[in-house]
file target-v9.cif (mmCIF, C-alpha atoms)
data_structure
loop_
_atom_site.group_PDB
_atom_site.id
_atom_site.type_symbol
_atom_site.label_atom_id
_atom_site.label_comp_id
_atom_site.auth_asym_id
_atom_site.auth_seq_id
_atom_site.Cartn_x
_atom_site.Cartn_y
_atom_site.Cartn_z
ATOM 1 C CA MET E 29 100.118 187.368 80.496
ATOM 2 C CA ILE E 30 99.703 190.159 82.955
ATOM 3 C CA SER E 31 96.131 191.183 83.445
ATOM 4 C CA ILE E 32 94.978 194.576 84.661
ATOM 5 C CA HIS E 33 93.622 192.780 87.708
ATOM 6 C CA LEU E 34 97.096 191.595 88.681
ATOM 7 C CA ILE E 35 98.583 195.039 88.085
ATOM 8 C CA LEU E 36 95.934 196.649 90.285
ATOM 9 C CA PHE E 37 96.429 193.996 92.962
ATOM 10 C CA LEU E 38 100.179 194.612 92.982
ATOM 11 C CA ALA E 39 99.731 198.388 93.062
ATOM 12 C CA PHE E 40 97.288 198.352 95.984
ATOM 13 C CA GLY E 41 99.334 195.687 97.730
ATOM 14 C CA ALA E 42 102.508 197.761 97.361
ATOM 15 C CA VAL E 43 100.753 200.782 98.884
ATOM 16 C CA ALA E 44 99.439 198.665 101.760
ATOM 17 C CA LEU E 45 102.842 197.123 102.408
ATOM 18 C CA ALA E 46 104.645 200.462 102.216
ATOM 19 C CA GLY E 47 102.151 201.932 104.664
ATOM 20 C CA ALA E 48 102.519 199.002 107.065
ATOM 21 C CA ILE E 49 106.318 199.222 107.019
ATOM 22 C CA ASN E 50 106.174 203.004 107.371
ATOM 23 C CA LEU E 51 103.944 202.512 110.417
ATOM 24 C CA LEU E 52 106.768 200.527 112.003
ATOM 25 C CA ALA E 53 109.542 202.866 110.872
ATOM 26 C CA GLN E 54 108.039 206.141 112.047
ATOM 27 C CA THR E 55 108.636 207.274 115.600
ATOM 28 C CA HIS E 56 105.933 209.921 115.826
ATOM 29 C CA PRO E 57 102.424 208.482 116.334
ATOM 30 C CA ILE E 58 100.773 210.947 113.951
ATOM 31 C CA ASN E 59 102.977 209.669 111.093
ATOM 32 C CA SER E 60 102.072 206.105 112.011
ATOM 33 C CA ALA E 61 98.385 207.021 112.026
ATOM 34 C CA LEU E 62 98.594 208.602 108.573
ATOM 35 C CA SER E 63 100.379 205.552 107.139
ATOM 36 C CA LEU E 64 97.707 203.329 108.700
ATOM 37 C CA ILE E 65 95.084 205.379 106.852
ATOM 38 C CA ALA E 66 97.021 204.711 103.627
ATOM 39 C CA VAL E 67 96.991 200.965 104.416
ATOM 40 C CA MET E 68 93.233 201.020 104.965
ATOM 41 C CA ALA E 69 92.550 202.951 101.761
ATOM 42 C CA ALA E 70 94.705 200.496 99.788
ATOM 43 C CA LEU E 71 92.859 197.567 101.398
ATOM 44 C CA ALA E 72 89.568 199.126 100.279
ATOM 45 C CA GLY E 73 90.942 198.931 96.741
ATOM 46 C CA GLU E 74 91.761 195.256 97.256
ATOM 47 C CA TYR E 75 88.200 194.649 98.459
ATOM 48 C CA LEU E 76 86.892 196.273 95.289
ATOM 49 C CA LEU E 77 89.073 193.903 93.241
ATOM 50 C CA LEU E 78 87.529 190.988 95.155
ATOM 51 C CA GLY E 79 84.035 192.218 94.313
ATOM 52 C CA ALA E 80 83.196 193.321 97.836
ATOM 53 C CA GLU E 81 81.861 196.770 97.001
ATOM 54 C CA PHE E 82 79.921 197.355 100.190
ATOM 55 C CA VAL E 83 82.803 196.159 102.374
ATOM 56 C CA ALA E 84 85.122 198.545 100.537
ATOM 57 C CA ALA E 85 82.782 201.470 101.137
ATOM 58 C CA VAL E 86 82.382 200.599 104.810
ATOM 59 C CA GLN E 87 86.145 200.172 105.117
ATOM 60 C CA VAL E 88 86.696 203.724 103.897
ATOM 61 C CA ILE E 89 83.856 205.244 105.920
ATOM 62 C CA VAL E 90 84.204 203.371 109.214
ATOM 63 C CA TYR E 91 87.875 202.390 109.383
ATOM 64 C CA ALA E 92 89.769 205.046 107.456
ATOM 65 C CA GLY E 93 87.163 207.612 108.470
ATOM 66 C CA ALA E 94 85.685 207.180 111.916
ATOM 67 C CA VAL E 95 88.184 204.959 113.735
ATOM 68 C CA MET E 96 91.266 206.762 112.451
ATOM 69 C CA VAL E 97 89.755 210.162 113.207
ATOM 70 C CA LEU E 98 89.339 208.892 116.767
ATOM 71 C CA PHE E 99 93.021 207.887 116.814
ATOM 72 C CA VAL E 100 94.246 211.209 115.422
ATOM 73 C CA PHE E 101 91.966 213.027 117.836
ATOM 74 C CA VAL E 102 93.441 211.190 120.831
ATOM 75 C CA ILE E 103 97.014 211.720 119.568
ATOM 76 C CA MET E 104 96.366 215.450 119.368
ATOM 77 C CA LEU E 105 94.444 215.519 122.650
ATOM 78 C CA LEU E 106 97.310 213.892 124.537
ATOM 79 C CA ASN E 107 99.919 215.878 122.595
ATOM 80 C CA ALA E 108 101.857 212.668 121.947
ATOM 81 C CA GLY E 109 105.479 213.284 121.015
ATOM 82 C CA VAL E 110 108.240 211.203 119.486
ATOM 83 C CA GLU E 111 108.497 207.901 121.311
ATOM 84 C CA GLU E 112 111.542 207.335 123.464
ATOM 85 C CA HIS E 113 113.691 204.278 123.095
ATOM 86 C CA THR E 114 114.082 202.302 126.261
ATOM 87 C CA LYS E 115 116.138 199.377 127.344
ATOM 88 C CA GLY E 116 113.284 196.894 127.257
ATOM 89 C CA SER E 117 112.737 197.262 123.521
ATOM 90 C CA HIS E 118 116.013 195.535 122.626
ATOM 91 C CA VAL E 119 114.724 192.129 123.692
ATOM 92 C CA ALA E 120 111.590 192.621 121.655
ATOM 93 C CA VAL E 121 113.638 193.625 118.601
ATOM 94 C CA LEU E 122 115.936 190.658 119.123
ATOM 95 C CA PHE E 123 113.107 188.152 119.159
ATOM 96 C CA GLY E 124 110.243 190.009 117.516
ATOM 97 C CA ILE E 125 111.674 190.769 114.089
ATOM 98 C CA PRO E 126 113.207 187.302 113.415
ATOM 99 C CA GLY E 127 110.094 185.669 114.831
ATOM 100 C CA THR E 128 107.658 187.579 112.660
ATOM 101 C CA LEU E 129 109.934 187.166 109.643
ATOM 102 C CA LEU E 130 109.984 183.429 110.225
ATOM 103 C CA GLY E 131 106.223 183.382 110.749
ATOM 104 C CA SER E 132 105.461 185.298 107.559
ATOM 105 C CA ILE E 133 107.842 183.123 105.549
ATOM 106 C CA LEU E 134 106.135 180.026 106.929
ATOM 107 C CA VAL E 135 102.681 181.357 106.099
ATOM 108 C CA ALA E 136 103.775 182.396 102.610
ATOM 109 C CA TRP E 137 105.362 179.002 101.987
ATOM 110 C CA VAL E 138 102.325 177.041 103.149
ATOM 111 C CA VAL E 139 99.892 179.210 101.219
ATOM 112 C CA LEU E 140 101.908 179.269 98.007
ATOM 113 C CA ARG E 141 102.484 175.528 98.186
ATOM 114 C CA HIS E 142 98.745 174.979 97.974
ATOM 115 C CA SER E 143 98.205 177.651 95.367
ATOM 116 C CA GLY E 144 96.424 175.315 92.990
ATOM 117 C CA THR E 145 93.135 176.372 94.544
ATOM 118 C CA GLY E 146 92.098 178.630 91.716
ATOM 119 C CA ALA E 147 91.934 182.323 91.164
ATOM 120 C CA VAL E 148 89.639 185.209 91.911
ATOM 121 C CA ALA E 149 88.032 187.124 89.079
ATOM 122 C CA VAL E 150 86.736 190.675 89.272
ATOM 123 C CA GLY E 151 83.016 190.669 89.913
ATOM 124 C CA ALA E 152 82.822 186.905 90.377
ATOM 125 C CA LEU E 153 81.110 187.407 93.719
ATOM 126 C CA PRO E 154 79.484 190.817 93.807
ATOM 127 C CA GLY E 155 78.804 192.105 97.287
ATOM 128 C CA PRO E 156 76.388 195.027 96.878
ATOM 129 C CA PRO E 157 74.252 196.070 99.870
ATOM 130 C CA LYS E 158 71.224 194.435 98.224
ATOM 131 C CA THR E 159 72.677 190.956 98.754
ATOM 132 C CA ILE E 160 74.520 191.729 101.988
ATOM 133 C CA GLY E 161 71.459 193.144 103.719
ATOM 134 C CA PRO E 162 69.176 190.053 103.725
ATOM 135 C CA LEU E 163 72.108 187.927 104.873
ATOM 136 C CA LEU E 164 72.890 190.314 107.714
ATOM 137 C CA PHE E 165 69.275 190.683 108.865
ATOM 138 C CA HIS E 166 68.106 187.084 108.427
ATOM 139 C CA GLU E 167 70.892 184.561 108.780
ATOM 140 C CA PHE E 168 73.108 186.650 111.051
ATOM 141 C CA LEU E 169 70.374 188.421 112.984
ATOM 142 C CA LEU E 170 71.442 187.129 116.396
ATOM 143 C CA PRO E 171 75.129 188.102 116.042
ATOM 144 C CA PHE E 172 73.978 191.451 114.662
ATOM 145 C CA GLU E 173 71.844 192.124 117.728
ATOM 146 C CA ILE E 174 74.633 190.960 120.038
ATOM 147 C CA THR E 175 77.070 193.369 118.426
ATOM 148 C CA SER E 176 74.592 196.185 119.062
ATOM 149 C CA ILE E 177 74.719 195.319 122.767
ATOM 150 C CA LEU E 178 78.529 195.183 122.519
ATOM 151 C CA ILE E 179 78.586 198.677 121.015
ATOM 152 C CA LEU E 180 76.280 199.954 123.761
ATOM 153 C CA VAL E 181 78.518 198.494 126.471
ATOM 154 C CA ALA E 182 81.604 199.900 124.730
ATOM 155 C CA ILE E 183 80.068 203.385 124.586
ATOM 156 C CA MET E 184 79.191 203.277 128.284
ATOM 157 C CA GLY E 185 82.634 201.921 129.164
ATOM 158 C CA ALA E 186 84.368 204.620 127.143
ATOM 159 C CA VAL E 187 82.312 207.342 128.827
ATOM 160 C CA VAL E 188 83.009 205.929 132.301
ATOM 161 C CA LEU E 189 86.740 205.466 131.634
ATOM 162 C CA ALA E 190 87.360 208.802 129.966
ATOM 163 C CA SER E 191 85.264 210.894 132.323
ATOM 164 C CA LYS E 192 87.150 212.781 134.992
ATOM 165 C CA PRO E 193 87.300 210.948 138.334
ATOM 166 C CA PRO E 194 85.303 212.650 141.083
ATOM 167 C CA SER E 195 87.494 215.160 142.848
ATOM 168 C CA SER E 196 85.403 215.158 146.029
ATOM 169 C CA PRO E 197 87.245 214.130 149.216
ATOM 170 C CA PRO E 198 86.592 210.653 150.662
ATOM 171 C CA GLY E 199 84.305 212.018 153.351
ATOM 172 C CA GLY E 200 82.362 214.110 150.894
ATOM 173 C CA PRO E 201 78.626 214.293 150.342
ATOM 174 C CA LYS E 202 76.805 210.972 150.181
ATOM 175 C CA GLY E 203 75.067 209.796 147.052
ATOM 176 C CA VAL E 204 77.547 211.424 144.687
ATOM 177 C CA ASP E 205 79.540 208.938 142.666
ATOM 178 C CA MET G 17 92.786 186.549 87.517
ATOM 179 C CA VAL G 18 94.837 186.730 90.682
ATOM 180 C CA PRO G 19 95.412 183.527 92.652
ATOM 181 C CA ILE G 20 93.779 183.494 96.066
ATOM 182 C CA SER G 21 97.159 182.752 97.601
ATOM 183 C CA TYR G 22 98.453 186.213 96.665
ATOM 184 C CA TYR G 23 95.742 187.807 98.779
ATOM 185 C CA LEU G 24 96.486 185.451 101.641
ATOM 186 C CA VAL G 25 100.201 186.222 101.509
ATOM 187 C CA LEU G 26 99.478 189.973 101.566
ATOM 188 C CA SER G 27 97.132 189.405 104.486
ATOM 189 C CA GLY G 28 99.760 187.372 106.312
ATOM 190 C CA ILE G 29 102.441 190.005 105.761
ATOM 191 C CA LEU G 30 100.132 192.744 107.062
ATOM 192 C CA PHE G 31 99.378 190.626 110.131
ATOM 193 C CA ALA G 32 103.105 190.010 110.672
ATOM 194 C CA CYS G 33 103.788 193.756 110.407
ATOM 195 C CA GLY G 34 101.115 194.305 113.048
ATOM 196 C CA VAL G 35 102.704 191.723 115.350
ATOM 197 C CA THR G 36 106.127 193.304 114.853
ATOM 198 C CA GLY G 37 104.780 196.748 115.657
ATOM 199 C CA PHE G 38 103.028 195.394 118.716
ATOM 200 C CA LEU G 39 106.342 193.978 119.944
ATOM 201 C CA ILE G 40 108.835 196.723 119.064
ATOM 202 C CA LYS G 41 106.790 199.872 119.575
ATOM 203 C CA ARG G 42 106.898 201.690 122.918
ATOM 204 C CA ASN G 43 104.159 204.232 122.377
ATOM 205 C CA ILE G 44 100.828 202.905 123.601
ATOM 206 C CA ILE G 45 98.886 204.578 120.771
ATOM 207 C CA THR G 46 101.160 203.068 118.109
ATOM 208 C CA ILE G 47 100.766 199.658 119.741
ATOM 209 C CA PHE G 48 97.039 200.139 119.447
ATOM 210 C CA MET G 49 97.375 201.006 115.775
ATOM 211 C CA SER G 50 99.381 197.807 115.259
ATOM 212 C CA ILE G 51 96.388 195.865 116.582
ATOM 213 C CA GLU G 52 94.195 197.618 114.026
ATOM 214 C CA LEU G 53 96.693 196.599 111.334
ATOM 215 C CA MET G 54 96.391 192.963 112.416
ATOM 216 C CA LEU G 55 92.588 193.177 112.249
ATOM 217 C CA ASN G 56 92.846 194.621 108.744
ATOM 218 C CA GLY G 57 95.043 191.741 107.646
ATOM 219 C CA VAL G 58 92.482 189.268 108.945
ATOM 220 C CA ASN G 59 89.681 191.150 107.164
ATOM 221 C CA LEU G 60 91.512 190.827 103.853
ATOM 222 C CA SER G 61 91.736 187.056 104.229
ATOM 223 C CA PHE G 62 88.020 186.941 105.135
ATOM 224 C CA VAL G 63 87.064 188.767 101.945
ATOM 225 C CA ALA G 64 89.501 186.713 99.845
ATOM 226 C CA PHE G 65 88.041 183.444 101.143
ATOM 227 C CA ALA G 66 84.505 184.753 100.621
ATOM 228 C CA ALA G 67 85.347 185.395 96.978
ATOM 229 C CA HIS G 68 87.105 182.062 96.670
ATOM 230 C CA TRP G 69 84.356 179.875 98.094
ATOM 231 C CA GLN G 70 81.579 182.067 96.672
ATOM 232 C CA VAL G 71 80.012 182.469 100.103
ATOM 233 C CA LEU G 72 78.916 185.954 101.129
ATOM 234 C CA ALA G 73 79.052 185.093 104.837
ATOM 235 C CA GLY G 74 82.747 185.975 104.783
ATOM 236 C CA GLN G 75 81.886 189.553 103.889
ATOM 237 C CA VAL G 76 79.299 189.705 106.659
ATOM 238 C CA PHE G 77 81.922 188.575 109.137
ATOM 239 C CA VAL G 78 84.089 191.499 108.063
ATOM 240 C CA PHE G 79 81.362 193.789 109.381
ATOM 241 C CA PHE G 80 81.416 192.022 112.726
ATOM 242 C CA VAL G 81 85.200 192.394 112.871
ATOM 243 C CA MET G 82 84.804 196.085 112.090
ATOM 244 C CA VAL G 83 82.209 196.496 114.850
ATOM 245 C CA VAL G 84 84.488 194.782 117.361
ATOM 246 C CA ALA G 85 87.417 196.938 116.175
ATOM 247 C CA ALA G 86 85.364 200.103 116.576
ATOM 248 C CA ALA G 87 84.254 199.101 120.089
ATOM 249 C CA GLU G 88 87.828 198.175 120.948
ATOM 250 C CA ALA G 89 89.103 201.523 119.640
ATOM 251 C CA ALA G 90 86.550 203.444 121.701
ATOM 252 C CA VAL G 91 87.282 201.583 124.944
ATOM 253 C CA GLY G 92 91.026 201.338 124.334
ATOM 254 C CA LEU G 93 91.459 205.022 123.606
ATOM 255 C CA ALA G 94 89.432 205.842 126.727
ATOM 256 C CA ILE G 95 91.809 203.600 128.705
ATOM 257 C CA ILE G 96 94.784 205.388 127.104
ATOM 258 C CA ILE G 97 93.337 208.736 128.184
ATOM 259 C CA ALA G 98 92.821 207.411 131.716
ATOM 260 C CA VAL G 99 96.396 206.053 131.824
ATOM 261 C CA TYR G 100 97.804 209.340 130.545
ATOM 262 C CA ARG G 101 95.818 211.274 133.124
ATOM 263 C CA THR G 102 97.322 209.317 136.032
ATOM 264 C CA ARG G 103 100.824 208.507 134.670
ATOM 265 C CA GLU G 104 101.502 211.542 132.468
ATOM 266 C CA THR G 105 103.229 209.246 129.978
ATOM 267 C CA LEU G 106 102.409 207.175 126.905
ATOM 268 C CA ASN G 107 105.479 204.955 127.169
ATOM 269 C CA VAL G 108 104.408 201.412 128.001
ATOM 270 C CA ASP G 109 107.681 200.727 129.831
ATOM 271 C CA GLN G 110 106.719 203.283 132.448
ATOM 272 C CA VAL G 111 103.247 201.836 132.906
ATOM 273 C CA ASN G 112 104.047 198.882 135.142
ATOM 274 C CA LEU G 113 101.016 198.736 137.410
ATOM 275 C CA LEU G 114 97.486 197.721 136.489
ATOM 276 C CA LYS G 115 96.119 199.925 139.230
ATOM 277 C CA LEU G 116 95.285 203.424 138.069
#

call {"tool": "encode", "arguments": {"input": "target-v9.cif", "output": "structure tokens"}}
result
Amino acid sequence: MISIHLILFLAFGAVALAGAINLLAQTHPINSALSLIAVMAALAGEYLLLGAEFVAAVQVIVYAGAVMVLFVFVIMLLNAGVEEHTKGSHVAVLFGIPGTLLGSILVAWVVLRHSGTGAVAVGALPGPPKTIGPLLFHEFLLPFEITSILILVAIMGAVVLASKPPSSPPGGPKGVD
Amino acid sequence: MVPISYYLVLSGILFACGVTGFLIKRNIITIFMSIELMLNGVNLSFVAFAAHWQVLAGQVFVFFVMVVAAAEAAVGLAIIIAVYRTRETLNVDQVNLLKL
């Protein structure tokens, strides 16, 4: 018995997997960025299947929207070309691919061995903003406020790092940073 | 009804793809995107466990992961711009000094 839920899960999962593998296969960063957007959109579909409506919306808006626009913007700003293959990458290929293959097989084996933990039904745990909001602003108020400070620090750090270094000579005017 | 383990396996495979990209890619921007892929894999397991244990806190944690990812993207891309300005390259093999 194949439910529509399973079909949708497999469809979104196939898109996510294809995007993730395409991210590895492509050599131009803009192609990798576009396949990462496909992965994020497919994951938003998976979140909808799990009943996390608000998370799915935020995934599309923040991740596939804002963060990836930032990535594409930087790729175009730096005029990034096709990546060159260098000698050092052979060692990483030699150990990286078998290692991650082994790791994913191990994870899959452990998880599937304990698969008698039940199943997830559509809408079993609805996550609309109405239920997320009180949780975020009551129980998780302190982490929420701390993340706001983190964002502030990150904004200031990004501005300081990306701003042009002062071109004044070492013996230049005092008081100018 | 989809078993929770299917979601976890998908999440694990996405994380493994991110690790592989982090190891085999030479372009610093693509390496950064691999990190985002790993974070997405972790987010999927958060949401899957939230649905499994019927606890909404898992979904709230996804927001915190997203905030950290956004902050990381902002700072990391600024660092990439600073590296490119001084080194004129995006290849991580040619960036061998921490000093700018």

call {"tool": "atom_distance", "arguments": {"input": "target-v9.cif", "atom1": "CA of Ser63 (chain E)", "atom2": "CA of Gly131 (chain E)"}}
result
23.2 Å

call {"tool": "residues_around", "arguments": {"input": "target-v9.cif", "residues": "region 78-88 of chain G", "least_positions_apart": "5", "cutoff": "10 Å", "atoms": "only C-alpha atoms", "output": "JSON, numbers by chain"}}
result
{"E": [82, 83, 86, 87, 90, 91, 94, 95, 96, 98, 164, 171, 172, 175, 176, 178, 179, 180, 181, 182, 183, 185, 186], "G": [48, 51, 52, 55, 56, 58, 59, 60, 61, 62, 63, 73, 93, 94]}

call {"tool": "atom_distance", "arguments": {"input": "target-v9.cif", "atom1": "CA of His68 (chain G)", "atom2": "CA of Ile35 (chain E)"}}
result
19.3 Å

call {"tool": "interface_residues", "arguments": {"input": "target-v9.cif", "of": "chain G", "to": "chain E", "cutoff": "8 Å", "atoms": "all atoms listed in the file", "output": "JSON, numbers by chain"}}
result
{"G": [17, 18, 19, 20, 21, 22, 24, 25, 26, 28, 29, 30, 32, 33, 34, 35, 36, 37, 39, 40, 41, 42, 43, 45, 46, 49, 53, 56, 60, 63, 64, 67, 68, 70, 72, 73, 75, 76, 78, 79, 80, 82, 83, 84, 86, 87, 88, 89, 90, 91, 92, 93, 94, 95, 97, 98, 100, 106, 107, 109]}

call {"tool": "atom_distance", "arguments": {"input": "target-v9.cif", "atom1": "CA of Val99 (chain G)", "atom2": "CA of Asn112 (chain G)"}}
result
11.0 Å

call {"tool": "axis_aligned_box", "arguments": {"input": "target-v9.cif", "around": "region 21-34 of chain G", "padding_each_side": "3 Å", "output": "lines of an AutoDock Vina configuration file"}}
result
center_x = 99.8
center_y = 188.5
center_z = 104.9
size_x = 14.0
size_y = 17.6
size_z = 22.4

call {"tool": "closest_residue", "arguments": {"input": "target-v9.cif", "among": "G:Thr102, G:Ala66, G:Phe31, G:Ile96", "to": "Ser50 (chain G)", "atoms": "all atoms listed in the file"}}
result
G:Phe31

call {"tool": "decode", "arguments": {"input": "target-v9.cif", "residues": "region 26-49 of chain G", "atoms": "N, CA and C atoms", "output": "compact mmCIF listing (two decimals), in the first residue's frame"}}
result
# COMPACT_ATOMS: atom_id res chain seq x y z
N LEU G 26 17.29 10.39 4.77
CA LEU G 26 17.45 11.50 3.82
C LEU G 26 18.31 12.60 4.42
N SER G 27 18.03 12.90 5.70
CA SER G 27 18.81 13.93 6.38
C SER G 27 20.28 13.54 6.48
N GLY G 28 20.53 12.26 6.79
CA GLY G 28 21.91 11.80 6.87
C GLY G 28 22.62 11.86 5.54
N ILE G 29 21.91 11.49 4.46
CA ILE G 29 22.54 11.53 3.13
C ILE G 29 22.86 12.97 2.75
N LEU G 30 21.93 13.90 3.05
CA LEU G 30 22.20 15.31 2.73
C LEU G 30 23.43 15.80 3.49
N PHE G 31 23.51 15.41 4.78
CA PHE G 31 24.66 15.82 5.59
C PHE G 31 25.95 15.23 5.01
N ALA G 32 25.88 13.95 4.57
CA ALA G 32 27.08 13.32 4.01
C ALA G 32 27.49 14.01 2.71
N CYS G 33 26.50 14.40 1.90
CA CYS G 33 26.82 15.14 0.67
C CYS G 33 27.51 16.46 1.02
N GLY G 34 27.03 17.12 2.08
CA GLY G 34 27.67 18.36 2.50
C GLY G 34 29.11 18.14 2.93
N VAL G 35 29.34 17.05 3.69
CA VAL G 35 30.70 16.75 4.14
C VAL G 35 31.60 16.47 2.94
N THR G 36 31.06 15.69 1.98
CA THR G 36 31.86 15.37 0.79
C THR G 36 32.22 16.64 0.03
N GLY G 37 31.23 17.52 -0.16
CA GLY G 37 31.51 18.77 -0.86
C GLY G 37 32.53 19.61 -0.12
N PHE G 38 32.41 19.62 1.21
CA PHE G 38 33.38 20.38 2.00
C PHE G 38 34.79 19.85 1.78
N LEU G 39 34.91 18.53 1.59
CA LEU G 39 36.25 17.95 1.46
C LEU G 39 36.78 18.05 0.03
N ILE G 40 35.95 17.83 -0.98
CA ILE G 40 36.49 17.72 -2.34
C ILE G 40 36.44 19.03 -3.10
N LYS G 41 35.68 20.01 -2.65
CA LYS G 41 35.57 21.24 -3.42
C LYS G 41 36.76 22.15 -3.13
N ARG G 42 37.16 22.90 -4.16
CA ARG G 42 38.31 23.82 -4.02
C ARG G 42 37.87 25.27 -3.98
N ASN G 43 36.67 25.53 -4.48
CA ASN G 43 36.20 26.91 -4.50
C ASN G 43 35.63 27.27 -3.12
N ILE G 44 36.05 28.39 -2.59
CA ILE G 44 35.69 28.72 -1.21
C ILE G 44 34.18 28.98 -1.08
N ILE G 45 33.56 29.49 -2.14
CA ILE G 45 32.11 29.74 -2.08
C ILE G 45 31.35 28.42 -2.09
N THR G 46 31.81 27.46 -2.90
CA THR G 46 31.14 26.15 -2.94
C THR G 46 31.31 25.42 -1.62
N ILE G 47 32.48 25.57 -1.00
CA ILE G 47 32.68 24.97 0.32
C ILE G 47 31.67 25.54 1.31
N PHE G 48 31.45 26.84 1.19
CA PHE G 48 30.49 27.49 2.07
C PHE G 48 29.08 26.97 1.83
N MET G 49 28.75 26.73 0.56
CA MET G 49 27.43 26.19 0.26
C MET G 49 27.28 24.76 0.78
